[in-house]
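S.K.: What follows is a single structure, and I will ask about it in a moment.
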Amino acid sequence: MQSTVDGFSYGMVTPVAAFLMACLGGALGLRCATRPLVVARSWRPGWLALGAAAIASGIWTMHFIAMMGFTIEGTPIHYDRLMTLASLGVALVMVGIGIFIVGYRGATGTPLFTGGTITGLGIASMHYLGMASMSLDGTLEYDTLTVAASVAIAMVAATAALWAAGQVKGFLWGVGASLVMGLAVTGMHYTGMAALEVHVHGTAAPAEGESAASLLAPMMLGPLVLLVLAGVVVIFDPLLIMGRRSPAPAEHKPGVPAHHRHHSASASSIPTRLRPRTRGPAEHRSRTPQKR
């Protein structure tokens with residue numbers, strides 16, 4: 001028996017909250033991932049890892065916030081704990097690979113396409129693995145074309161978000177990149193949900209697993225704490241927020257004062273024929289009239 005699927009049982013509360021969470025994770029993650037391009041002598045692997053973790057935590061939390069408003073008529077929905085954690089692990093690994101490719105190879109050309117594609121596939125894999133963690137008295141079926149459209153949305157939007165973040169042109173570009181990332185995740189999620197059909201069996205056997213309230217609420221504390229920590233890092237780094245590049249460190253030569261180095265560099269830039277001629281001691285003596 002085909003059942004009615006409702007993804008908006010709380011109205012627009014869960015979609016809006018999910019979108020804002022995806023934007024938050026995207027904003028923090030993309031800002032951290034682009035920090036090596038903004039501030040000189042940054043520890044690139046650490047910042048890229050923090051950025052990937054923030055993005056993955058944001059999209060994973062967004063997915064299950066949206067699933068809070070998901071109901072199926074005729075059967076309760078439970079979740080398998082290990083499968084739910086596996087969906088978070090897949091998001092961390094695949095988003096991390098995409099972020100590291102763009103972070104080391106640049107946000108243009110082949111690296112951008114490869115990194116955006118892997119990041120988008122990570123978003124889609126997290127979604128469908130999270131859907132597979134559901135346990136209910138029924139069978140899930142998906143429309144192939146709609147599923148393909150949802151994956152394409154994730155890949156294109158993730159690529160666009162990484163490109164916009166890689167421009168490092170200021171605060172507004174960062175906001176735009178985070179909005180695109182939020183659209184990538186929420187658009188992919190609800191497109192994927194539109195592809196779903198549920199056939200309820202109608203048996204009296206209880207569904208295995210744990211309910212959303214008992215499982216998802218405690219599990220989301222970890223990703224939320226990570227997002228808070230990433231937010232603290234961004235807040236206390238003005239260069240990271242504004243997207244301004246720090247000046248390159250001046251070359252230091254031991255034993256030479258800074259003002260002397262500046263003077264020497266300025267003097268060396270003057271052409272030889274325009275420099276004032278200095279007379280040495282021998283030249284002064286040769287021009288002095290000799291007494292007889």
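By convention in this document, the chains of the structure tokens carry letters A, B, ... by their order, each chain's residues are numbered from 1, and ligands are numbered from 1 in the order they are shown.
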Which residues in region 98-187 of chain A does DSSP call strand (DSSP E or B)? List them as a PDB file with N, CA and C atoms, in the first residue's frame.
M.R.:
ATOM      1  N   MET A 134      16.981   4.800   8.034  1.00  0.00           N
ATOM      2  CA  MET A 134      15.613   4.758   8.553  1.00  0.00           C
ATOM      3  C   MET A 134      15.105   3.316   8.615  1.00  0.00           C
ATOM      4  N   SER A 135      14.380   3.041   9.665  1.00  0.00           N
ATOM      5  CA  SER A 135      13.748   1.736   9.838  1.00  0.00           C
ATOM      6  C   SER A 135      12.247   1.970  10.009  1.00  0.00           C
ATOM      7  N   GLY A 138       7.797  -0.630   5.981  1.00  0.00           N
ATOM      8  CA  GLY A 138       7.509  -0.353   4.586  1.00  0.00           C
ATOM      9  C   GLY A 138       8.766  -0.439   3.744  1.00  0.00           C
ATOM     10  N   THR A 139       8.617  -0.122   2.471  1.00  0.00           N
ATOM     11  CA  THR A 139       9.714  -0.179   1.509  1.00  0.00           C
ATOM     12  C   THR A 139       9.867   1.178   0.851  1.00  0.00           C
ATOM     13  N   LEU A 140      11.138   1.618   0.739  1.00  0.00           N
ATOM     14  CA  LEU A 140      11.431   2.896   0.092  1.00  0.00           C
ATOM     15  C   LEU A 140      11.773   2.660  -1.374  1.00  0.00           C
ATOM     16  N   GLU A 141      11.207   3.465  -2.250  1.00  0.00           N
ATOM     17  CA  GLU A 141      11.517   3.418  -3.675  1.00  0.00           C
ATOM     18  C   GLU A 141      11.809   4.832  -4.162  1.00  0.00           C
ATOM     19  N   TYR A 142      12.776   4.934  -5.092  1.00  0.00           N
ATOM     20  CA  TYR A 142      13.203   6.240  -5.583  1.00  0.00           C
ATOM     21  C   TYR A 142      13.031   6.305  -7.095  1.00  0.00           C
TER      22      TYR A 142
END
S.K.: Considering only alpha helix (DSSP H) as DSSP defines it on the backbone, what residues of region 78-144 of chain A qualify? List them as a PyMOL selection string.
M.R.: chain A and resi 81-105+109-132+144
S.K.: Please, what distance in Å, to one decimal, runs between CA of Gly96 (chain A) and CA of Tyr79 (chain A)?
M.R.: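 One can read the CA of Gly96 (chain A) to CA of Tyr79 (chain A) distance as 25.6 Å.
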S.K.: Just checking: using only C-alpha atoms, which residue out of A:Phe113, A:Ala194, A:Ala230, A:Ala164 ends up closest to Ala49 (chain A)?
M.R.: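 With only C-alpha atoms as the atom set, the closest residue is A:Ala230.
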S.K.: For Ala27 (chain A), work out the shell of residues within 8 Å, counting only C-alpha atoms and skipping chain neighbours fewer than 6 positions away, then give it as a ChimeraX atom specification.
M.R.: /A:174-175,177-179
S.K.: Could those selected residues go to a file with N, CA and C atoms, as an mmCIF file, in the first residue's frame?
M.R.:
data_model
loop_
_atom_site.group_PDB
_atom_site.id
_atom_site.type_symbol
_atom_site.label_atom_id
_atom_site.label_comp_id
_atom_site.auth_asym_id
_atom_site.auth_seq_id
_atom_site.Cartn_x
_atom_site.Cartn_y
_atom_site.Cartn_z
ATOM 1 N N GLY A 174 32.133 35.974 0.644
ATOM 2 C CA GLY A 174 31.997 34.865 1.580
ATOM 3 C C GLY A 174 30.550 34.564 1.908
ATOM 4 N N VAL A 175 29.745 35.626 2.084
ATOM 5 C CA VAL A 175 28.320 35.427 2.340
ATOM 6 C C VAL A 175 27.648 34.751 1.145
ATOM 7 N N ALA A 177 29.027 32.808 -1.084
ATOM 8 C CA ALA A 177 29.453 31.411 -1.164
ATOM 9 C C ALA A 177 28.696 30.545 -0.162
ATOM 10 N N SER A 178 28.478 31.067 1.046
ATOM 11 C CA SER A 178 27.756 30.285 2.061
ATOM 12 C C SER A 178 26.296 30.101 1.669
ATOM 13 N N LEU A 179 25.682 31.116 1.050
ATOM 14 C CA LEU A 179 24.299 30.970 0.590
ATOM 15 C C LEU A 179 24.194 29.925 -0.517
#
S.K.: Would you mind telling me which residue in A:Leu136, A:Ile59, A:Met220, A:Met68 lies nearest to Leu24 (chain A) when using only C-alpha atoms?
M.R.: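 Among the listed residues, A:Ile59 lies closest to Leu24 (chain A).
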S.K.: So that I can see what lies close to Gly115 (chain A), please list as a list in words the residues with an atom at most 8 Å from it, counting only C-alpha atoms and leaving out residues fewer than 2 positions away in the same chain.
M.R.: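 Non-adjacent residues within range: Ile97, Gly98, Ile99, Phe100, Ile101, Val102, Pro111, Leu112, Phe113, Thr117, Ile118, Thr119 and Thr159 of chain A.
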S.K.: Report as an mmCIF file with N, CA and C atoms, in the first residue's frame all protein, DNA and RNA residues lying within 8 Å of Leu226 (chain A), evaluated on only C-alpha atoms, omitting residues in the same chain fewer than 3 positions from it.
M.R.:
data_model
loop_
_atom_site.group_PDB
_atom_site.id
_atom_site.type_symbol
_atom_site.label_atom_id
_atom_site.label_comp_id
_atom_site.auth_asym_id
_atom_site.auth_seq_id
_atom_site.Cartn_x
_atom_site.Cartn_y
_atom_site.Cartn_z
ATOM 1 N N ALA A 53 35.532 19.876 8.246
ATOM 2 C CA ALA A 53 34.715 19.379 9.357
ATOM 3 C C ALA A 53 33.506 20.270 9.599
ATOM 4 N N ALA A 54 33.686 21.585 9.460
ATOM 5 C CA ALA A 54 32.565 22.508 9.664
ATOM 6 C C ALA A 54 31.506 22.325 8.579
ATOM 7 N N SER A 57 29.763 18.921 9.124
ATOM 8 C CA SER A 57 28.872 18.976 10.291
ATOM 9 C C SER A 57 27.621 19.778 9.977
ATOM 10 N N GLY A 222 27.459 16.970 19.092
ATOM 11 C CA GLY A 222 28.861 17.005 18.676
ATOM 12 C C GLY A 222 29.102 17.940 17.498
ATOM 13 N N PRO A 223 28.390 17.766 16.373
ATOM 14 C CA PRO A 223 28.563 18.705 15.264
ATOM 15 C C PRO A 223 28.256 20.146 15.629
ATOM 16 N N LEU A 229 32.849 26.097 17.906
ATOM 17 C CA LEU A 229 34.292 26.324 17.990
ATOM 18 C C LEU A 229 34.819 26.992 16.728
ATOM 19 N N ALA A 230 34.361 26.530 15.561
ATOM 20 C CA ALA A 230 34.776 27.171 14.312
ATOM 21 C C ALA A 230 34.304 28.614 14.257
#
S.K.: So, with only C-alpha atoms as the atoms that count, which of A:Leu20, A:Leu216, A:Met126, A:Leu183 lies closest to Met67 (chain A)?
M.R.: A:Leu216
